[in-house]
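Inspection log for the structure reproduced underneath, given as structure tokens.
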Amino acid sequence: MPPHLGDSHRRFLQSMMSNSVMDEQQARALYQHCCDIHKAQCVPDKLDDFIETINSKLQPMFMQIRKGMSEDNGQQYYALVNMAETDVTRMSSDYADNELELFRKTMDLIVSSENGKVSSTDVLNVADTLTIKKLKKSEAEQVLNRLVQDKWLNEKRGEFSLSIKCIIEMEPYIRRMYEDQLKMCHICHNVAFQCQICDSPTCGIKIHNPCVARYFKGRVEPRCPACDEFWPYEIPGISFYISIYKST
Amino acid sequence: PSTSQVQRGLDKFTGSQMDQKAAEVIQYILVKDQKKIPVRRADLVKHVLKDYRYIYPEIMKRVLQTFDQVFGLKLVEIDTKNHLYILINKLEPQEGAAGPPNPKMGLLFVILSLIFMKRGAVKESECFQCLLYICGERHEQFGDVKKLVTDEFVRQRYLECVRIPHTEPVEFEFHWGQRAELEVSKAKILDFMGELHNQDPQTWSQQYKEAHAPPPAAPSTSQPNHSQR
Ligand SMILES: [Mg+2]
Ligand SMILES: [Mg+2]
Ligand SMILES: [Zn+2]
Ligand SMILES: [Zn+2]
């Protein structure tokens, strides 16, 4: 029997439509809230089942509520994704063609970088090389600001990385476009941009920073889960991630 | 289209093709609705329905059903002459609904309150004076406040901007737009005013009567094609 959709599911979906991305804590609170309003049973650990029920009804519309881990704080986030438009053109009602070209080029730089980040100077330099219509430096700066405001990019100390919303919504596109260049996390098997890379030349596996923190937590001597070589990097503490999470 | 064209259309497409087309229509309407732009039937036909135009009612039946059963939304025709549609929420509005409150909606609520308390119309100049007082000319979140009101809220049909007849120079006033009439509760506005002024809402007797009057006949539903069925 197909799962039954109630008003609690509909209300949850409506909130997902009006919030571009929601962290796990917010999603849990929303789940509880929607169940309370419509007197539906709320099973605390069954958020993902609840979402699965919604997804089964969204599937014919090529829509889906997807989950992804933020590379900054290791928390899970949820976003409603339109699978019919998986590339950058989904943003075309908000951005001009040359602005989208700038965004694509920024993605190129981020994907091909070692650490999943690109400096604003490097992005502003490519603004000069746009083929559609060049952007002045000040215009390009404004576009970048908007991309951060609209939550497509994160900015920290003059460096840009892909936001969690961008990663969740554009993952199919990113996988298709950058197939050969992509790094996959050895622990969670998702695309990794900001990560640590095994030092051993014959291995070179990648692990997300938050996955590093989780995996090595409580281990005396950190060793690569694939080749058993010593893992030479600083291990970000899980408490570090929790503290960032709480401060935001 | 003639009955035979409709019949040919129905014969031409399978059920799953019609479902697929309905999905495209839903996507299209949702994208427009996100910006609260009314959907024009002519655009829908031209950009999405295309070959399926002769079985428009058949496709729309599926669309309406999905909006209702999956999204809790209802497609309503707000302009029967130009055939414009908006989505309204079928679920009861909730206080403190989850998700961050939208500050623009807060501002809109203030403007709608102002219009409602002034019995349906406020001069543009008076409205802007009031907004200037509340949030200054440029607001860090809204940017140009005047532009937000005259462009966005009017385009979204939350407000209607009407020329006041026989004024020189030309003057305009704001009314509630159709979307506001459908989505915003006057009783809630009055409660809000009551709290703000620490006054019993019933003391505004005219407004109280209007806010608690039985709702007018439901807006023309959604079966967007009246002529041929
Ligand atoms: Mg709506
Ligand atoms: Mg009017
Ligand atoms: Zn990982
Ligand atoms: Zn290794």
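Every chain in the structure tokens has a letter given in the order shown (A, B, ...), and although residue numbers restart at 1 in each chain, ligands are simply numbered from 1 in the order shown.
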
- Item | Test item: chain A residues at most 6 Å from chain B, counting only C-alpha atoms, as an MDAnalysis selection string | chainID A and resid 10 30 61

- Task: Pick out the residues sitting within 8 Å of region 137-141 of chain A, and hand them over as a ChimeraX atom specification; count only C-alpha atoms, and ignore anything fewer than 3 positions along from it in its own chain.
- Result: /A:99,102,124,127,144-145

Could you please take those selected residues and save N, CA and C atoms as a short mmCIF file (atom, residue, chain, number, x, y, z; two decimals), in the first residue's frame?
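Generated file (again.cif):
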data_model
loop_
_atom_site.label_atom_id
_atom_site.label_comp_id
_atom_site.auth_asym_id
_atom_site.auth_seq_id
_atom_site.Cartn_x
_atom_site.Cartn_y
_atom_site.Cartn_z
N GLU A 99 26.38 36.54 -15.66
CA GLU A 99 26.54 36.29 -14.22
C GLU A 99 26.60 34.78 -13.94
N LEU A 102 29.96 33.55 -14.81
CA LEU A 102 30.90 33.80 -13.71
C LEU A 102 30.76 32.72 -12.62
N LEU A 124 37.74 37.30 -9.40
CA LEU A 124 37.65 38.58 -10.09
C LEU A 124 38.50 38.57 -11.36
N ALA A 127 36.57 37.16 -14.17
CA ALA A 127 35.49 38.03 -14.65
C ALA A 127 35.89 38.73 -15.94
N LEU A 144 29.03 38.29 -6.85
CA LEU A 144 29.50 37.37 -5.81
C LEU A 144 28.73 37.58 -4.50
N ASN A 145 28.51 38.86 -4.18
CA ASN A 145 27.72 39.14 -2.97
C ASN A 145 26.33 38.52 -3.05
#

Could you list, as number ranges by chain, every residue within 12 Å of region 90-95 of chain A, counting only C-alpha atoms and ignoring same-chain residues fewer than 2 positions away?
A: 81-88, 97-104, 142-144, 146-147, 150-152, 166, 169-170, 173; B: 27-28, 31-32, 34-35

- Query: Could you list, as a list in words, all the residues within 7 Å of ligand 2, counting only C-alpha atoms and all ligand atoms?
  - Reply: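 Answer in the requested format: Glu160, His175, Trp176 and Gly177 of chain B.
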
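Selecting all polymer residues at most 7 Å from ligand 1, using only C-alpha atoms and all ligand atoms, gives B:Asp33, B:Leu87, B:Ile88, B:Asn89.
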
Name all residues at most 12 Å from Arg53 (chain B) (count only C-alpha atoms; drop same-chain ones fewer than 2 positions away) and give them as a PDB file with C-alpha atoms, in the first residue's frame.
ATOM      1  CA  PRO B   1     -11.248  23.595 -30.016  1.00  0.00           C
ATOM      2  CA  GLN B   5     -10.168  18.111 -31.650  1.00  0.00           C
ATOM      3  CA  VAL B   6     -10.538  17.333 -27.968  1.00  0.00           C
ATOM      4  CA  ARG B   8      -8.321  13.467 -31.066  1.00  0.00           C
ATOM      5  CA  GLY B   9      -6.139  14.961 -28.334  1.00  0.00           C
ATOM      6  CA  LEU B  10      -7.372  12.458 -25.809  1.00  0.00           C
ATOM      7  CA  PHE B  13      -1.756  10.914 -25.675  1.00  0.00           C
ATOM      8  CA  MET B  18      -0.652  13.392 -19.662  1.00  0.00           C
ATOM      9  CA  LYS B  21       2.680  17.106 -18.998  1.00  0.00           C
ATOM     10  CA  ALA B  22       0.805  17.800 -15.756  1.00  0.00           C
ATOM     11  CA  VAL B  25       2.685  22.456 -15.630  1.00  0.00           C
ATOM     12  CA  ARG B  41      -3.092  31.011 -19.074  1.00  0.00           C
ATOM     13  CA  ALA B  42      -1.833  32.139 -22.472  1.00  0.00           C
ATOM     14  CA  ASP B  43       1.791  31.741 -21.303  1.00  0.00           C
ATOM     15  CA  LEU B  44       1.071  28.346 -19.828  1.00  0.00           C
ATOM     16  CA  VAL B  45      -0.391  27.171 -23.125  1.00  0.00           C
ATOM     17  CA  LYS B  46       2.380  28.667 -25.206  1.00  0.00           C
ATOM     18  CA  HIS B  47       5.384  27.631 -23.126  1.00  0.00           C
ATOM     19  CA  VAL B  48       4.303  24.405 -21.485  1.00  0.00           C
ATOM     20  CA  LEU B  49       1.163  22.811 -22.868  1.00  0.00           C
ATOM     21  CA  LYS B  50       1.956  23.257 -26.563  1.00  0.00           C
ATOM     22  CA  ASP B  51       0.540  20.169 -28.357  1.00  0.00           C
ATOM     23  CA  ILE B  55      -6.875  18.751 -23.747  1.00  0.00           C
ATOM     24  CA  TYR B  56      -6.154  21.634 -21.399  1.00  0.00           C
ATOM     25  CA  PRO B  57      -9.052  20.767 -19.022  1.00  0.00           C
ATOM     26  CA  GLU B  58      -7.903  17.159 -18.832  1.00  0.00           C
ATOM     27  CA  ILE B  59      -4.333  18.185 -17.911  1.00  0.00           C
ATOM     28  CA  MET B  60      -5.507  20.853 -15.470  1.00  0.00           C
ATOM     29  CA  ASN B 225     -11.420  26.376 -18.871  1.00  0.00           C
TER      30      ASN B 225
END

Margin query: I'd like the interatomic distance between CA of His186 (chain A) and CA of Glu155 (chain A), to a tenth of an Å.
Written below: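 Computing the Euclidean distance for CA of His186 (chain A) and CA of Glu155 (chain A) yields 26.0 Å.
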
Protein and nucleic residues near ligand 4, 10 Å, only C-alpha atoms and all ligand atoms, as a list in words: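 Result of the 10 Å neighbour search around ligand 4: His186, Ile197, Cys198, Asp199, Ser200, Pro201, Thr202, Cys203, Gly204, Ile205, Lys206, Arg223, Cys224, Pro225, Ala226, Cys227, Asp228, Glu229, Phe230 and Trp231 of chain A.
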
Write out the residues from the selection above, keeping C-alpha atoms, as a compact mmCIF listing (two decimals), in the first residue's frame.
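Output contents, as saved in again.txt:
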# COMPACT_ATOMS: atom_id res chain seq x y z
CA HIS A 186 36.27 7.54 1.52
CA ILE A 197 44.02 13.70 1.29
CA CYS A 198 46.09 10.64 2.26
CA ASP A 199 49.77 11.40 1.99
CA SER A 200 50.77 8.02 0.66
CA PRO A 201 51.41 8.35 -3.10
CA THR A 202 49.88 4.96 -3.88
CA CYS A 203 46.72 5.72 -1.90
CA GLY A 204 45.58 9.34 -1.89
CA ILE A 205 42.08 8.76 -0.58
CA LYS A 206 40.09 11.83 0.44
CA ARG A 223 45.94 5.81 10.36
CA CYS A 224 44.49 5.90 6.86
CA PRO A 225 41.41 3.66 6.68
CA ALA A 226 42.53 2.45 3.22
CA CYS A 227 46.33 1.93 3.33
CA ASP A 228 46.98 2.07 7.08
CA GLU A 229 49.69 4.73 6.64
CA PHE A 230 50.02 7.34 9.38
CA TRP A 231 47.50 10.17 8.87

| said: I'd like to know which residues of region 39-83 of chain B are helix (DSSP H, G or I) (by DSSP, run on the backbone); could you write them as a PyMOL selection string? | reply: chain B and resi 41-71

Please dump the current selection as a CSV table (one decimal), in the first residue's frame; keep C-alpha atoms.
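Below is the file part-v4.csv, written as the result:
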chain,number,residue,atom,x,y,z
B,41,ARG,CA,-3.1,31.0,-19.1
B,42,ALA,CA,-1.8,32.1,-22.5
B,43,ASP,CA,1.8,31.7,-21.3
B,44,LEU,CA,1.1,28.3,-19.8
B,45,VAL,CA,-0.4,27.2,-23.1
B,46,LYS,CA,2.4,28.7,-25.2
B,47,HIS,CA,5.4,27.6,-23.1
B,48,VAL,CA,4.3,24.4,-21.5
B,49,LEU,CA,1.2,22.8,-22.9
B,50,LYS,CA,2.0,23.3,-26.6
B,51,ASP,CA,0.5,20.2,-28.4
B,52,TYR,CA,-1.6,19.4,-25.3
B,53,ARG,CA,-3.6,22.6,-25.6
B,54,TYR,CA,-6.7,20.9,-26.9
B,55,ILE,CA,-6.9,18.8,-23.7
B,56,TYR,CA,-6.2,21.6,-21.4
B,57,PRO,CA,-9.1,20.8,-19.0
B,58,GLU,CA,-7.9,17.2,-18.8
B,59,ILE,CA,-4.3,18.2,-17.9
B,60,MET,CA,-5.5,20.9,-15.5
B,61,LYS,CA,-7.7,18.3,-13.7
B,62,ARG,CA,-4.6,16.4,-12.9
B,63,VAL,CA,-2.6,19.5,-11.9
B,64,LEU,CA,-5.3,20.7,-9.5
B,65,GLN,CA,-5.6,17.3,-7.9
B,66,THR,CA,-1.8,17.1,-7.3
B,67,PHE,CA,-1.7,20.7,-5.9
B,68,ASP,CA,-4.5,19.7,-3.6
B,69,GLN,CA,-3.3,16.2,-2.5
B,70,VAL,CA,0.5,16.7,-2.4
B,71,PHE,CA,1.1,20.3,-1.8

Item to complete: Write out as a list in words each polymer residue (protein, DNA or RNA) that has an atom no more than 8 Å from ligand 3, with only C-alpha atoms and all ligand atoms counted.
Response: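 Result of the 8 Å neighbour search around ligand 3: Met69, Met184, Cys185, His186, Ile187, Cys188, His189, Asn190, Val191, Ala192, Ile207, His208, Asn209, Pro210, Cys211 and Val212 of chain A.
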
Just the selected residues (C-alpha atoms), exported as a tab-separated table (two decimals), in the first residue's frame, please.
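See selection.tsv below for the written result:
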chain	number	residue	atom	x	y	z
A	69	MET	CA	26.33	17.14	4.93
A	184	MET	CA	34.89	11.32	-3.30
A	185	CYS	CA	35.01	10.96	0.45
A	186	HIS	CA	36.27	7.54	1.52
A	187	ILE	CA	34.06	7.57	4.60
A	188	CYS	CA	30.67	8.87	3.46
A	189	HIS	CA	31.10	8.28	-0.30
A	190	ASN	CA	29.78	11.71	-1.21
A	191	VAL	CA	31.47	14.36	-3.30
A	192	ALA	CA	34.18	16.10	-1.29
A	207	ILE	CA	38.09	12.39	3.60
A	208	HIS	CA	35.85	15.37	4.39
A	209	ASN	CA	37.04	17.42	7.34
A	210	PRO	CA	33.95	16.60	9.42
A	211	CYS	CA	34.26	12.92	8.42
A	212	VAL	CA	37.92	13.02	9.56

Looking only at strand (DSSP E or B) from DSSP on the backbone, list the matching residues of chain B as number ranges by chain. B: 39-40, 73-79, 84-89, 122-123, 138-139, 143-144, 159-164, 171-176, 221

Save the residues we just selected, N, CA and C atoms, as a short mmCIF file (atom, residue, chain, number, x, y, z; two decimals), in the first residue's frame?
data_model
loop_
_atom_site.label_atom_id
_atom_site.label_comp_id
_atom_site.auth_asym_id
_atom_site.auth_seq_id
_atom_site.Cartn_x
_atom_site.Cartn_y
_atom_site.Cartn_z
N VAL B 39 0.17 33.49 -12.81
CA VAL B 39 0.42 32.74 -14.04
C VAL B 39 -0.66 33.10 -15.06
N ARG B 40 -0.23 33.39 -16.26
CA ARG B 40 -1.14 33.75 -17.33
C ARG B 40 -1.45 32.49 -18.14
N LEU B 73 -2.21 23.01 -1.79
CA LEU B 73 -2.38 24.32 -2.42
C LEU B 73 -3.57 24.28 -3.37
N LYS B 74 -4.09 25.45 -3.67
CA LYS B 74 -5.22 25.53 -4.58
C LYS B 74 -4.95 26.59 -5.63
N LEU B 75 -5.19 26.25 -6.87
CA LEU B 75 -5.00 27.20 -7.95
C LEU B 75 -6.30 27.97 -8.15
N VAL B 76 -6.21 29.32 -8.06
CA VAL B 76 -7.41 30.14 -8.12
C VAL B 76 -7.27 31.16 -9.25
N GLU B 77 -8.33 31.32 -9.99
CA GLU B 77 -8.31 32.33 -11.05
C GLU B 77 -8.66 33.68 -10.42
N ILE B 78 -7.73 34.65 -10.52
CA ILE B 78 -7.98 35.95 -9.88
C ILE B 78 -8.41 36.99 -10.89
N ASP B 79 -8.32 36.66 -12.15
CA ASP B 79 -8.69 37.63 -13.17
C ASP B 79 -9.30 36.82 -14.31
N LEU B 84 -5.75 34.96 -15.22
CA LEU B 84 -4.57 34.92 -14.38
C LEU B 84 -4.86 34.02 -13.18
N TYR B 85 -3.86 33.24 -12.80
CA TYR B 85 -4.04 32.29 -11.69
C TYR B 85 -2.97 32.49 -10.63
N ILE B 86 -3.35 32.29 -9.37
CA ILE B 86 -2.34 32.25 -8.30
C ILE B 86 -2.60 31.01 -7.45
N LEU B 87 -1.58 30.63 -6.68
CA LEU B 87 -1.73 29.51 -5.76
C LEU B 87 -2.05 30.07 -4.38
N ILE B 88 -3.05 29.52 -3.75
CA ILE B 88 -3.26 29.90 -2.36
C ILE B 88 -3.19 28.64 -1.49
N ASN B 89 -2.91 28.88 -0.24
CA ASN B 89 -2.69 27.78 0.68
C ASN B 89 -4.02 27.24 1.19
N VAL B 122 -5.59 53.82 1.07
CA VAL B 122 -4.65 54.78 1.65
C VAL B 122 -3.91 55.44 0.51
N LYS B 123 -3.81 56.76 0.56
CA LYS B 123 -3.07 57.49 -0.46
C LYS B 123 -1.63 57.01 -0.47
N ARG B 138 15.91 53.72 2.88
CA ARG B 138 16.57 52.47 2.47
C ARG B 138 16.69 51.60 3.71
N HIS B 139 16.29 50.38 3.57
CA HIS B 139 16.31 49.47 4.68
C HIS B 139 17.40 48.46 4.39
N GLY B 143 16.22 47.06 1.06
CA GLY B 143 16.71 47.95 0.03
C GLY B 143 15.76 49.13 -0.10
N ASP B 144 15.41 49.44 -1.33
CA ASP B 144 14.53 50.57 -1.60
C ASP B 144 13.10 50.19 -1.22
N LEU B 159 -1.03 44.10 -3.18
CA LEU B 159 -1.59 45.45 -3.17
C LEU B 159 -2.06 45.81 -4.56
N GLU B 160 -2.97 46.74 -4.59
CA GLU B 160 -3.44 47.26 -5.85
C GLU B 160 -3.19 48.75 -5.80
N CYS B 161 -2.63 49.30 -6.88
CA CYS B 161 -2.34 50.72 -6.92
C CYS B 161 -3.31 51.36 -7.90
N VAL B 162 -4.15 52.25 -7.39
CA VAL B 162 -5.25 52.77 -8.19
C VAL B 162 -5.13 54.28 -8.31
N ARG B 163 -5.35 54.80 -9.50
CA ARG B 163 -5.32 56.25 -9.68
C ARG B 163 -6.55 56.89 -9.06
N ILE B 164 -6.32 57.96 -8.30
CA ILE B 164 -7.45 58.67 -7.72
C ILE B 164 -8.00 59.60 -8.80
N GLU B 171 -2.59 61.52 -8.52
CA GLU B 171 -2.33 60.86 -7.24
C GLU B 171 -2.85 59.42 -7.28
N PHE B 172 -2.19 58.57 -6.50
CA PHE B 172 -2.57 57.16 -6.46
C PHE B 172 -2.92 56.75 -5.03
N GLU B 173 -3.69 55.67 -4.94
CA GLU B 173 -3.91 55.11 -3.61
C GLU B 173 -3.76 53.59 -3.66
N PHE B 174 -3.48 53.02 -2.49
CA PHE B 174 -3.33 51.57 -2.40
C PHE B 174 -4.59 50.94 -1.83
N HIS B 175 -4.96 49.80 -2.43
CA HIS B 175 -6.03 48.95 -1.90
C HIS B 175 -5.44 47.58 -1.62
N TRP B 176 -6.20 46.76 -0.94
CA TRP B 176 -5.80 45.35 -0.84
C TRP B 176 -5.88 44.72 -2.23
N THR B 221 -13.37 28.78 -8.72
CA THR B 221 -12.37 27.72 -8.69
C THR B 221 -11.94 27.51 -10.08
#

Residue contacts of Leu80 (chain A) (9 Å, only C-alpha atoms) excluding same-chain residues fewer than 2 positions away, as number ranges by chain: A: 13, 16-17, 19-21, 63-67, 78, 82, 168-169

Selected residues written out, C-alpha atoms, as a PDB file, in the first residue's frame:
ATOM      1  CA  LEU A  13       6.595  20.311   2.207  1.00  0.00           C
ATOM      2  CA  MET A  16      10.609  23.216   2.593  1.00  0.00           C
ATOM      3  CA  MET A  17       9.444  25.167  -0.467  1.00  0.00           C
ATOM      4  CA  ASN A  19      13.066  27.791   3.002  1.00  0.00           C
ATOM      5  CA  SER A  20      15.846  27.095   0.565  1.00  0.00           C
ATOM      6  CA  VAL A  21      17.759  24.924   3.029  1.00  0.00           C
ATOM      7  CA  MET A  63      11.160  16.792  -7.210  1.00  0.00           C
ATOM      8  CA  GLN A  64      12.771  15.436  -4.091  1.00  0.00           C
ATOM      9  CA  ILE A  65      13.731  16.503  -0.574  1.00  0.00           C
ATOM     10  CA  ARG A  66      17.415  15.663  -0.396  1.00  0.00           C
ATOM     11  CA  LYS A  67      19.861  15.530   2.455  1.00  0.00           C
ATOM     12  CA  TYR A  78      17.754  19.288   3.846  1.00  0.00           C
ATOM     13  CA  ASN A  82      14.022  20.097  -8.656  1.00  0.00           C
ATOM     14  CA  ILE A 168      22.617  19.345  -2.428  1.00  0.00           C
ATOM     15  CA  GLU A 169      20.821  20.940  -5.366  1.00  0.00           C
TER      16      GLU A 169
END
